[in-house]
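File shown here: model_18.cif, holding mmCIF, C-alpha atoms.
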```cif
data_model
#
loop_
_atom_site.group_PDB
_atom_site.id
_atom_site.type_symbol
_atom_site.label_atom_id
_atom_site.label_comp_id
_atom_site.auth_asym_id
_atom_site.auth_seq_id
_atom_site.Cartn_x
_atom_site.Cartn_y
_atom_site.Cartn_z
ATOM 1 C CA MET A 16 32.689 -62.468 -2.323
ATOM 2 C CA ASP A 17 32.253 -63.752 1.193
ATOM 3 C CA TYR A 18 29.836 -61.843 3.439
ATOM 4 C CA LYS A 19 32.311 -61.875 6.346
ATOM 5 C CA LYS A 20 35.049 -60.313 4.224
ATOM 6 C CA ILE A 21 32.653 -57.586 3.106
ATOM 7 C CA LYS A 22 31.731 -56.838 6.728
ATOM 8 C CA ILE A 23 35.434 -56.594 7.625
ATOM 9 C CA LEU A 24 36.079 -54.300 4.640
ATOM 10 C CA LEU A 25 33.114 -52.131 5.626
ATOM 11 C CA GLU A 26 34.443 -51.837 9.163
ATOM 12 C CA LYS A 27 37.828 -50.783 7.770
ATOM 13 C CA TYR A 28 36.073 -48.359 5.380
ATOM 14 C CA TRP A 29 34.177 -46.612 8.187
ATOM 15 C CA ASN A 30 37.460 -46.317 10.120
ATOM 16 C CA CYS A 31 39.163 -44.820 7.006
ATOM 17 C CA GLU A 32 41.677 -47.652 6.810
ATOM 18 C CA THR A 33 40.900 -49.170 3.384
ATOM 19 C CA THR A 34 43.044 -49.056 0.288
ATOM 20 C CA LEU A 35 41.752 -48.015 -3.131
ATOM 21 C CA GLU A 36 41.555 -51.675 -4.208
ATOM 22 C CA GLU A 37 39.473 -52.562 -1.154
ATOM 23 C CA GLU A 38 37.146 -49.634 -1.803
ATOM 24 C CA SER A 39 36.650 -50.712 -5.417
ATOM 25 C CA ILE A 40 35.848 -54.257 -4.180
ATOM 26 C CA LEU A 41 33.183 -52.759 -1.876
ATOM 27 C CA GLN A 42 31.780 -50.651 -4.710
ATOM 28 C CA GLU A 43 31.532 -53.619 -7.037
ATOM 29 C CA TYR A 44 29.920 -55.840 -4.420
ATOM 30 C CA LEU A 45 27.433 -53.226 -3.136
ATOM 31 C CA SER A 46 26.537 -52.094 -6.658
ATOM 32 C CA GLY A 47 25.363 -55.567 -7.586
ATOM 33 C CA SER A 48 21.869 -56.939 -7.374
ATOM 34 C CA ASP A 49 22.316 -59.742 -4.800
ATOM 35 C CA ILE A 50 22.974 -57.724 -1.622
ATOM 36 C CA PRO A 51 22.120 -58.937 1.894
ATOM 37 C CA GLU A 52 19.250 -57.137 3.589
ATOM 38 C CA ASP A 53 21.380 -55.424 6.266
ATOM 39 C CA LEU A 54 23.680 -53.896 3.598
ATOM 40 C CA LYS A 55 20.941 -52.512 1.336
ATOM 41 C CA GLU A 56 20.869 -49.318 3.358
ATOM 42 C CA ILE A 57 24.445 -48.369 2.418
ATOM 43 C CA SER A 58 24.269 -49.712 -1.126
ATOM 44 C CA PRO A 59 23.124 -46.402 -2.743
ATOM 45 C CA LEU A 60 26.231 -44.667 -1.396
ATOM 46 C CA PHE A 61 28.574 -47.069 -3.133
ATOM 47 C CA GLN A 62 26.440 -47.105 -6.267
ATOM 48 C CA TYR A 63 26.823 -43.340 -6.412
ATOM 49 C CA PHE A 64 30.594 -43.613 -6.010
ATOM 50 C CA LYS A 65 30.736 -46.113 -8.861
ATOM 51 C CA SER A 66 28.591 -43.912 -11.119
ATOM 52 C CA GLN A 67 30.888 -40.936 -10.493
ATOM 53 C CA ARG A 68 34.081 -42.755 -11.522
ATOM 54 C CA GLY A 69 33.816 -41.639 -15.141
ATOM 55 C CA VAL A 70 33.035 -38.000 -14.395
ATOM 56 C CA LYS A 71 35.842 -35.709 -15.494
ATOM 57 C CA VAL A 72 36.283 -32.042 -14.781
ATOM 58 C CA SER A 73 36.314 -29.656 -17.712
ATOM 59 C CA GLU A 74 39.535 -28.071 -18.932
ATOM 60 C CA ASP A 75 38.526 -24.628 -17.687
ATOM 61 C CA PHE A 76 37.665 -25.919 -14.214
ATOM 62 C CA GLU A 77 40.776 -24.504 -12.569
ATOM 63 C CA GLU A 78 40.208 -21.094 -14.144
ATOM 64 C CA ARG A 79 36.575 -21.024 -12.987
ATOM 65 C CA VAL A 80 37.606 -21.939 -9.434
ATOM 66 C CA ILE A 81 40.226 -19.190 -9.343
ATOM 67 C CA ASN A 82 37.715 -16.653 -10.673
ATOM 68 C CA GLU A 83 35.188 -17.712 -8.052
ATOM 69 C CA ILE A 84 37.766 -17.363 -5.272
ATOM 70 C CA GLU A 85 38.772 -13.914 -6.479
ATOM 71 C CA SER A 86 35.153 -12.761 -6.627
ATOM 72 C CA LYS A 87 34.601 -14.020 -3.066
ATOM 73 C CA GLU A 88 37.684 -12.100 -1.899
ATOM 74 C CA LYS A 89 36.287 -8.916 -3.414
ATOM 75 C CA LYS A 90 32.971 -9.507 -1.689
ATOM 76 C CA GLY A 91 34.844 -10.077 1.578
ATOM 77 C CA THR A 92 36.109 -6.498 1.574
ATOM 78 C CA GLN A 93 32.581 -5.270 0.959
ATOM 79 C CA LYS A 94 31.486 -7.341 3.930
ATOM 80 C CA TYR A 95 33.717 -5.247 6.173
ATOM 81 C CA LEU A 96 32.247 -2.069 4.710
ATOM 82 C CA HIS A 97 28.818 -3.204 5.857
ATOM 83 C CA ILE A 98 30.172 -3.646 9.370
ATOM 84 C CA TYR A 99 31.589 -0.098 9.300
ATOM 85 C CA TYR A 100 28.245 1.218 8.099
ATOM 86 C CA LYS A 101 26.478 -0.533 10.942
ATOM 87 C CA VAL A 102 28.911 0.878 13.502
ATOM 88 C CA ALA A 103 28.521 4.377 12.041
ATOM 89 C CA ALA A 104 24.730 4.073 12.180
ATOM 90 C CA ALA A 105 24.914 2.991 15.821
ATOM 91 C CA VAL A 106 27.131 5.964 16.701
ATOM 92 C CA ILE A 107 24.748 8.339 14.939
ATOM 93 C CA LEU A 108 21.795 6.866 16.851
ATOM 94 C CA VAL A 109 23.598 7.262 20.163
ATOM 95 C CA LEU A 110 24.445 10.892 19.366
ATOM 96 C CA PHE A 111 20.841 11.500 18.310
ATOM 97 C CA PHE A 112 19.448 10.139 21.562
ATOM 98 C CA VAL A 113 21.984 12.055 23.655
ATOM 99 C CA THR A 114 21.018 15.289 21.876
ATOM 100 C CA ILE A 115 17.302 14.614 22.329
ATOM 101 C CA HIS A 116 17.865 13.826 26.002
ATOM 102 C CA GLN A 117 19.798 17.062 26.568
ATOM 103 C CA ARG A 118 17.090 19.098 24.874
ATOM 104 C CA PHE A 119 14.442 17.352 26.948
ATOM 105 C CA ILE A 120 16.314 18.294 30.112
ATOM 106 C CA ALA A 121 16.603 21.925 28.920
ATOM 107 C CA VAL A 122 12.842 22.086 28.223
ATOM 108 C CA ARG A 123 12.092 20.594 31.625
ATOM 109 C CA GLU A 124 14.293 23.213 33.328
ATOM 110 C CA LYS A 125 12.511 26.022 31.440
ATOM 111 C CA ALA A 126 9.142 24.593 32.456
ATOM 112 C CA SER A 127 10.171 24.440 36.107
ATOM 113 C CA VAL A 128 11.163 28.131 35.938
ATOM 114 C CA LEU A 129 7.764 29.034 34.430
ATOM 115 C CA VAL A 130 5.807 27.155 37.076
ATOM 116 C CA GLN A 131 7.267 28.998 40.042
ATOM 117 C CA ASP A 132 4.951 31.025 42.271
ATOM 118 C CA THR A 133 4.014 34.369 40.741
ATOM 119 C CA PHE A 134 2.249 35.789 43.782
ATOM 120 C CA GLU A 135 3.801 36.446 47.117
ATOM 121 C CA ASP A 136 0.475 37.340 48.753
ATOM 122 C CA PRO A 137 -1.853 34.298 49.066
ATOM 123 C CA GLU A 138 -4.947 36.538 49.151
ATOM 124 C CA LYS A 139 -4.055 38.060 45.799
ATOM 125 C CA ALA A 140 -3.386 34.587 44.349
ATOM 126 C CA LEU A 141 -6.824 33.451 45.544
ATOM 127 C CA GLU A 142 -8.495 36.435 43.868
ATOM 128 C CA GLU A 143 -6.709 35.759 40.569
ATOM 129 C CA THR A 144 -7.676 32.086 40.743
ATOM 130 C CA LYS A 145 -11.326 33.035 41.308
ATOM 131 C CA LYS A 146 -11.194 35.338 38.268
ATOM 132 C CA ALA A 147 -9.731 32.578 36.098
ATOM 133 C CA LEU A 148 -12.312 30.028 37.256
ATOM 134 C CA LEU A 149 -15.139 32.513 36.698
ATOM 135 C CA LEU A 150 -13.929 33.072 33.131
ATOM 136 C CA VAL A 151 -13.824 29.311 32.516
ATOM 137 C CA SER A 152 -17.309 28.943 34.009
ATOM 138 C CA GLU A 153 -18.747 31.655 31.750
ATOM 139 C CA LYS A 154 -17.272 30.052 28.633
ATOM 140 C CA TRP A 155 -18.525 26.657 29.758
ATOM 141 C CA ASN A 156 -22.060 27.915 30.310
ATOM 142 C CA LYS A 157 -22.044 29.645 26.944
ATOM 143 C CA GLY A 158 -21.114 26.358 25.296
ATOM 144 C CA LYS A 159 -23.681 24.514 27.395
ATOM 145 C CA ASP A 160 -26.484 26.786 26.076
ATOM 146 C CA ASN A 161 -25.490 25.896 22.521
ATOM 147 C CA PHE A 162 -25.526 22.241 23.468
ATOM 148 C CA THR A 163 -29.098 22.400 24.808
ATOM 149 C CA LYS A 164 -30.194 24.009 21.518
ATOM 150 C CA LEU A 165 -28.498 21.192 19.660
ATOM 151 C CA SER A 166 -30.223 18.546 21.773
ATOM 152 C CA GLU A 167 -33.624 20.151 20.997
ATOM 153 C CA PHE A 168 -32.723 20.031 17.308
ATOM 154 C CA ASN A 169 -31.873 16.325 17.635
ATOM 155 C CA LYS A 170 -35.243 15.635 19.316
ATOM 156 C CA ALA A 171 -37.066 17.405 16.489
ATOM 157 C CA GLU A 172 -35.090 15.453 13.917
ATOM 158 C CA LYS A 173 -36.084 12.156 15.562
ATOM 159 C CA ILE A 174 -39.753 13.138 15.547
ATOM 160 C CA ILE A 175 -39.564 14.009 11.834
ATOM 161 C CA ARG A 176 -37.868 10.730 10.982
ATOM 162 C CA ASN A 177 -40.462 8.696 12.918
ATOM 163 C CA GLU A 178 -43.332 10.427 11.060
ATOM 164 C CA ASN A 179 -41.748 9.698 7.691
ATOM 165 C CA LEU A 180 -41.471 5.985 8.425
#
```
Starting from the file, lay out its structure as C-alpha cells.
Amino acid sequence: MDYKKIKILLEKYWNCETTLEEESILQEYLSGSDIPEDLKEISPLFQYFKSQRGVKVSEDFEERVINEIESKEKKGTQKYLHIYYKVAAAVILVLFFVTIHQRFIAVREKASVLVQDTFEDPEKALEETKKALLLVSEKWNKGKDNFTKLSEFNKAEKIIRNENL
C-alpha cells in the first residue's frame, strides 16, 4: 500500500474517524516486515491488535463479571462502615481530650487553693520558714557526712587497685 495513504489512514485513526476496514488495513500493513522507519514506533500497537483478533471470551465470562460486580458492591457497604468507625473514633478522642482538660483545670484550681498564704503575720511566717530550712540543712549535712566517708572509701579502693597492678 502507498505510504501516503497509510499516513492519511493513521491521521484518521488518531482522530477516531476510521472504519473497521480501514483499521484492518492499518493492522495488516503495520504488522508486516517492511515498515518505514517513522512508523516502527507504532507498529507494536497494531501487531498486538492483530494478535488479539482470535481471542474469545469463555462461556462463563458474563457470570464471572456479574459475581465480581456483586462482590464489589458488598465491599462498598463495608467501606462505609470503616468511615463510621473512623468518625466514632474521632468523637471518642475529642471527648477524651475534653475530659482530660476539665480534670486538669480542676486539679489546677485545687492547687491554687492549697498554695494560698497560711500565715497572716509575716514574722510568724519567717520563723516557720527558718525552721523548715534548718531541717533541710540538717538532713543535707547528715547526707554530706556519709558522702565524705564514701569518697574516702573510693580513695582507698584506688590505692588497692594500683598496688595490685
Do you know which residues the PyMOL selection byres ((chain A and resi 58-68) around 12) returns on this file, as a list of chain:residue names?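 Taken on the displayed file, the PyMOL selection byres ((chain A and resi 58-68) around 12) yields the residues A:Leu25, A:Tyr28, A:Glu38, A:Ser39, A:Ile40, A:Leu41, A:Gln42, A:Glu43, A:Tyr44, A:Leu45, A:Ser46, A:Gly47, A:Ser48, A:Asp49, A:Ile50, A:Pro51, A:Glu52, A:Asp53, A:Leu54, A:Lys55, A:Glu56, A:Ile57, A:Gly69, A:Val70, A:Lys71, A:Val72.
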Can you work out the spacing between atom CA of Val122 of chain A and atom CA of Val106 of chain A in Å, to one decimal?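 Going from atom CA of Val122 of chain A over to atom CA of Val106 of chain A, I get 24.4 Å.
For the atom pair formed by atom CA of Val102 of chain A and atom CA of Gln117 of chain A, the distance is 22.7 Å, given to one decimal.
Between atom CA of Thr114 of chain A and atom CA of Lys101 of chain A lies a distance of 20.0 Å.
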Calculate, to one decimal in Å, the centre and edge lengths of the box along x, y and z of the file that holds all listed atoms of segment 165-172 of chain A with 8 Å of margin on each side, and present them as JSON.
```
{"center_x": -32.8, "center_y": 18.3, "center_z": 17.8, "size_x": 24.6, "size_y": 21.7, "size_z": 23.9}
```
